[in-house]
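Here's the structure, in structure tokens; my notes come after.
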Amino acid sequence: TDTRKMYHYNSSVTFEDDFTSDKSWVETGTQFTIDTSTNNRLDFALKRDGTEAFTTKDLTSVSDTAWVLRMHLNFTGKENDDTYDHQTWFGLSSTNTNFMATQDAIGLMVRWGNDNTFKARDINGNNLDTAANNSQFTTSFTPTSEYWVEFIRVSSTSFTIELFSDSTYSTSVEKETVTTSSGVSGLRYIKATTRNSSSRSEIQNGYLDDVEFYNGVTTATPITTWTSGSGIVATGGVEETVGGYTYRKFASSGTFAVTAGSGNLEVLIVGAG
């Protein structure tokens, strides 16, 4: 086992969640479940059951002209196949309420069960089913679709949503650019929600994880990485061990301190404007 220790600091991320701890998501209904102990993710079992189902995370303050939202969406299969249309939304909203509430929003509409589409859309003072602007992906939804999704508000009047096939956001599958209204504003909540419609049998399973939000920018800034020799013990940030490496993550300013051991230290600094 390689015992080297690696540490990195992300200087531009406003909020990130790998679901290893409670980050104050609010869940309504039974379709969304935060798992911080076993699989570290936001599980979902999406369905039309006549009840409200949504989860939100309050970012408190979000720019109306520039931000980046990233998340990993993995749909893992369906149960009780039917031919009815089902709708689920992932993105940013101005409210912490349900699918049919009046709100502003920018996000990805997933229609499954019948339509099987991805749509980039914005909402301007309406419910999530009534888009002000809409652009459909040529990539079809399947019950086992898996994408890393990047939402970017490029300006007050434009946004993009891009599907990637890898966790480094380097292999693009498809990108949609949408002209929006400058009136779409106050999008302080990350939201996932299903439309409350009459009960049907089909259930779409899956999960969401690795959420990152960057406020006031249109590019997610690369990380800064430190690599040390074996036998070094350090403190600071949140520690994780993966594949024989120990990582310390800092989502805000903090102190990295070596408390024991010695070894050579290699420093790699990556900057972006």
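Chains: A, B, ... in order of the structure tokens. Residues: from 1 per chain. Ligands: from 1, in order shown.
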Practice prompt. As JSON, numbers by chain, list the residues of segment 74-183 of chain A assigned to strand (DSSP E) by DSSP on the backbone atoms of this structure.
Written response: {"A": [74, 75, 76, 77, 78, 79, 86, 87, 88, 89, 90, 91, 92, 93, 103, 104, 105, 106, 107, 108, 109, 110, 111, 112, 117, 118, 119, 120, 121, 122, 123, 124, 125, 126, 133, 134, 135, 136, 137, 138, 139, 140, 146, 147, 148, 149, 150, 151, 152, 153, 154, 155, 158, 159, 160, 161, 162, 163, 164, 172, 173, 174, 175, 176, 177, 178, 179]}
Take the residues that were just selected and, keeping C-alpha atoms, output them as a short mmCIF file (atom, residue, chain, number, x, y, z; two decimals), in the first residue's frame.
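Result file follows (again-v4.cif):
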data_model
loop_
_atom_site.label_atom_id
_atom_site.label_comp_id
_atom_site.auth_asym_id
_atom_site.auth_seq_id
_atom_site.Cartn_x
_atom_site.Cartn_y
_atom_site.Cartn_z
CA ASN A 74 -26.64 8.16 -11.21
CA PHE A 75 -29.94 6.49 -12.12
CA THR A 76 -29.67 2.84 -11.11
CA GLY A 77 -32.81 1.24 -12.54
CA LYS A 78 -36.59 1.23 -12.38
CA GLU A 79 -39.34 -0.91 -10.90
CA HIS A 86 -43.00 11.32 -14.78
CA GLN A 87 -41.06 14.53 -14.08
CA THR A 88 -38.12 15.25 -11.80
CA TRP A 89 -36.15 18.48 -11.47
CA PHE A 90 -32.53 19.13 -10.40
CA GLY A 91 -31.06 22.64 -10.17
CA LEU A 92 -31.32 26.00 -8.38
CA SER A 93 -34.56 27.61 -7.29
CA GLN A 103 -40.71 30.23 -8.22
CA ASP A 104 -37.75 31.29 -10.34
CA ALA A 105 -35.40 28.48 -11.29
CA ILE A 106 -32.66 27.21 -13.60
CA GLY A 107 -32.11 23.49 -13.93
CA LEU A 108 -32.41 20.12 -15.59
CA MET A 109 -35.83 18.59 -16.15
CA VAL A 110 -35.76 14.79 -16.40
CA ARG A 111 -38.88 13.25 -17.93
CA TRP A 112 -38.99 9.49 -17.58
CA THR A 117 -35.78 13.26 -22.14
CA PHE A 118 -33.40 15.74 -20.54
CA LYS A 119 -34.35 19.42 -20.85
CA ALA A 120 -32.44 22.56 -19.85
CA ARG A 121 -34.98 25.12 -18.76
CA ASP A 122 -35.58 28.23 -16.72
CA ILE A 123 -38.64 29.30 -14.76
CA ASN A 124 -39.65 32.93 -14.32
CA GLY A 125 -42.32 33.30 -11.65
CA ASN A 126 -44.13 30.03 -12.39
CA ASN A 133 -37.20 29.00 -22.02
CA ASN A 134 -36.48 25.39 -22.83
CA SER A 135 -33.85 23.39 -24.75
CA GLN A 136 -34.09 19.61 -25.13
CA PHE A 137 -31.00 17.42 -25.24
CA THR A 138 -30.68 14.94 -28.08
CA THR A 139 -29.27 12.53 -25.49
CA SER A 140 -32.16 10.39 -24.25
CA GLU A 146 -25.21 8.27 -15.27
CA TYR A 147 -23.80 11.75 -15.81
CA TRP A 148 -21.74 14.39 -14.08
CA VAL A 149 -23.80 17.53 -14.68
CA GLU A 150 -22.46 21.08 -14.80
CA PHE A 151 -24.85 24.06 -14.65
CA ILE A 152 -23.33 27.48 -15.41
CA ARG A 153 -25.06 30.85 -15.24
CA VAL A 154 -22.93 32.64 -17.82
CA SER A 155 -24.63 36.02 -17.41
CA SER A 158 -27.69 33.10 -20.43
CA PHE A 159 -26.98 29.72 -18.88
CA THR A 160 -25.62 26.35 -19.97
CA ILE A 161 -26.15 22.78 -18.81
CA GLU A 162 -23.61 20.16 -19.85
CA LEU A 163 -23.58 16.39 -19.38
CA PHE A 164 -20.21 14.71 -18.82
CA SER A 172 -18.52 16.14 -22.66
CA VAL A 173 -21.55 14.19 -23.84
CA GLU A 174 -23.76 17.15 -24.75
CA LYS A 175 -24.17 20.82 -23.88
CA GLU A 176 -27.24 23.05 -24.16
CA THR A 177 -27.13 26.85 -24.05
CA VAL A 178 -30.29 28.73 -23.13
CA THR A 179 -31.17 32.43 -23.27
#
Item to complete: With a distance cut-off of 10 Å and only C-alpha atoms, select the neighbouring residues of Trp67 of chain A, excluding the residue or stretch itself and same-chain residues fewer than 2 positions from it, and output the selection as JSON, numbers by chain.
Response: {"A": [14, 62, 63, 64, 65, 69, 151, 152, 153, 154, 155, 159, 213, 214, 215, 216, 217, 218, 219, 220]}
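Each of A:Ala260, A:Met100, A:Val233, A:Ile190 was checked against Phe15 of chain A using only C-alpha atoms; the smallest atom-to-atom distance is that of A:Ile190.
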Worksheet item: Between A:Thr56, A:Val238, A:Glu202, A:Arg195, which one has atoms that come closest to Thr20 of chain A, using only C-alpha atoms?
Response: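 Checking each candidate against Thr20 of chain A, we get A:Val238 as the closest.
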Item to complete: Show which residues sit within 7 Å of Val211 of chain A, as an MDAnalysis selection string. Count only C-alpha atoms, and ignore same-chain residues fewer than 3 positions away.
Response: chainID A and resid 16:18 70:71
Item to complete: Kindly give the distance, in Å, that separates atom CA of Arg188 of chain A and atom CA of Phe99 of chain A, rounded to a single decimal.
Response: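 So the two atoms, atom CA of Arg188 of chain A and atom CA of Phe99 of chain A, lie 15.7 Å apart.
Restricting the calculation to only C-alpha atoms, the smallest distance between Thr255 of chain A and any of A:Glu240, A:Ser197, A:Thr235, A:Thr30 is found for A:Thr235.
Between atom CA of Thr55 of chain A and atom CA of Thr95 of chain A the separation is 11.1 Å.
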Discussion item. Which residues are close to Asp49 of chain A, i.e. within 7 Å by only C-alpha atoms, leaving aside same-chain residues fewer than 3 positions away? Reply as JSON, numbers by chain.
Written reply: {"A": [197, 198, 199, 200]}
Just the selected residues (N, CA, C and O atoms), exported as a PDB file, in the first residue's frame, please.
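Final output, saved to part_35.pdb:
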ATOM      1  N   SER A 197     -48.278  14.179  -8.918  1.00  0.00           N
ATOM      2  CA  SER A 197     -49.354  13.815  -9.834  1.00  0.00           C
ATOM      3  C   SER A 197     -50.077  12.592  -9.298  1.00  0.00           C
ATOM      4  O   SER A 197     -49.654  11.990  -8.310  1.00  0.00           O
ATOM      5  N   SER A 198     -51.154  12.205  -9.971  1.00  0.00           N
ATOM      6  CA  SER A 198     -51.923  11.043  -9.537  1.00  0.00           C
ATOM      7  C   SER A 198     -51.043   9.804  -9.483  1.00  0.00           C
ATOM      8  O   SER A 198     -50.099   9.657 -10.256  1.00  0.00           O
ATOM      9  N   SER A 199     -51.319   8.908  -8.559  1.00  0.00           N
ATOM     10  CA  SER A 199     -50.456   7.780  -8.282  1.00  0.00           C
ATOM     11  C   SER A 199     -50.317   6.824  -9.464  1.00  0.00           C
ATOM     12  O   SER A 199     -51.307   6.477 -10.122  1.00  0.00           O
ATOM     13  N   ARG A 200     -49.070   6.433  -9.716  1.00  0.00           N
ATOM     14  CA  ARG A 200     -48.754   5.411 -10.712  1.00  0.00           C
ATOM     15  C   ARG A 200     -47.764   4.428 -10.085  1.00  0.00           C
ATOM     16  O   ARG A 200     -47.231   4.652  -9.008  1.00  0.00           O
TER      17      ARG A 200
END
Discussion item. With distances taken over only C-alpha atoms, which residue among A:Asn114, A:Ser24, A:Gln31, A:Thr97 lies nearest Ile203 of chain A?
Written reply: A:Gln31
Discussion item. From the options A:Thr194, A:Phe19, A:Ser156, A:Trp25, which residue's atoms come nearest to Asn39 of chain A, counting only C-alpha atoms?
Written reply: A:Phe19
Practice prompt. Just the residues within 7 Å of Ile34 of chain A, please, counting only C-alpha atoms, with nothing from its chain fewer than 4 positions along; format it as JSON, numbers by chain.
Written response: {"A": [41, 42, 43]}
Any chance you could export the current selection's all heavy atoms as an mmCIF file, in the first residue's frame?
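Generated output (result23.cif):
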data_model
loop_
_atom_site.group_PDB
_atom_site.id
_atom_site.type_symbol
_atom_site.label_atom_id
_atom_site.label_comp_id
_atom_site.auth_asym_id
_atom_site.auth_seq_id
_atom_site.Cartn_x
_atom_site.Cartn_y
_atom_site.Cartn_z
ATOM 1 N N ARG A 41 -24.332 9.671 0.175
ATOM 2 C CA ARG A 41 -24.992 10.200 -1.017
ATOM 3 C C ARG A 41 -26.433 10.576 -0.689
ATOM 4 O O ARG A 41 -26.936 10.285 0.400
ATOM 5 C CB ARG A 41 -24.950 9.164 -2.141
ATOM 6 C CG ARG A 41 -25.721 7.890 -1.830
ATOM 7 C CD ARG A 41 -25.343 6.781 -2.782
ATOM 8 N NE ARG A 41 -26.270 5.646 -2.700
ATOM 9 C CZ ARG A 41 -26.087 4.468 -3.293
ATOM 10 N NH1 ARG A 41 -24.992 4.283 -4.035
ATOM 11 N NH2 ARG A 41 -26.974 3.503 -3.180
ATOM 12 N N LEU A 42 -27.096 11.206 -1.650
ATOM 13 C CA LEU A 42 -28.511 11.522 -1.531
ATOM 14 C C LEU A 42 -29.261 10.498 -2.391
ATOM 15 O O LEU A 42 -29.263 10.582 -3.616
ATOM 16 C CB LEU A 42 -28.780 12.954 -2.011
ATOM 17 C CG LEU A 42 -30.121 13.594 -1.682
ATOM 18 C CD1 LEU A 42 -30.041 15.110 -1.913
ATOM 19 C CD2 LEU A 42 -31.273 13.042 -2.518
ATOM 20 N N ASP A 43 -29.855 9.515 -1.740
ATOM 21 C CA ASP A 43 -30.592 8.470 -2.457
ATOM 22 C C ASP A 43 -31.969 8.975 -2.857
ATOM 23 O O ASP A 43 -32.582 9.784 -2.150
ATOM 24 C CB ASP A 43 -30.755 7.231 -1.580
ATOM 25 C CG ASP A 43 -29.450 6.483 -1.376
ATOM 26 O OD1 ASP A 43 -28.792 6.159 -2.385
ATOM 27 O OD2 ASP A 43 -29.084 6.227 -0.213
#
Discussion item. For a quick check of understanding, using only C-alpha atoms, which of A:Ala53, A:Leu46, A:Ile232, A:Val184 has the smallest distance to Asn80 of chain A?
Written reply: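 Of A:Ala53, A:Leu46, A:Ile232, A:Val184, the one nearest Asn80 of chain A, counting only C-alpha atoms, is A:Leu46.
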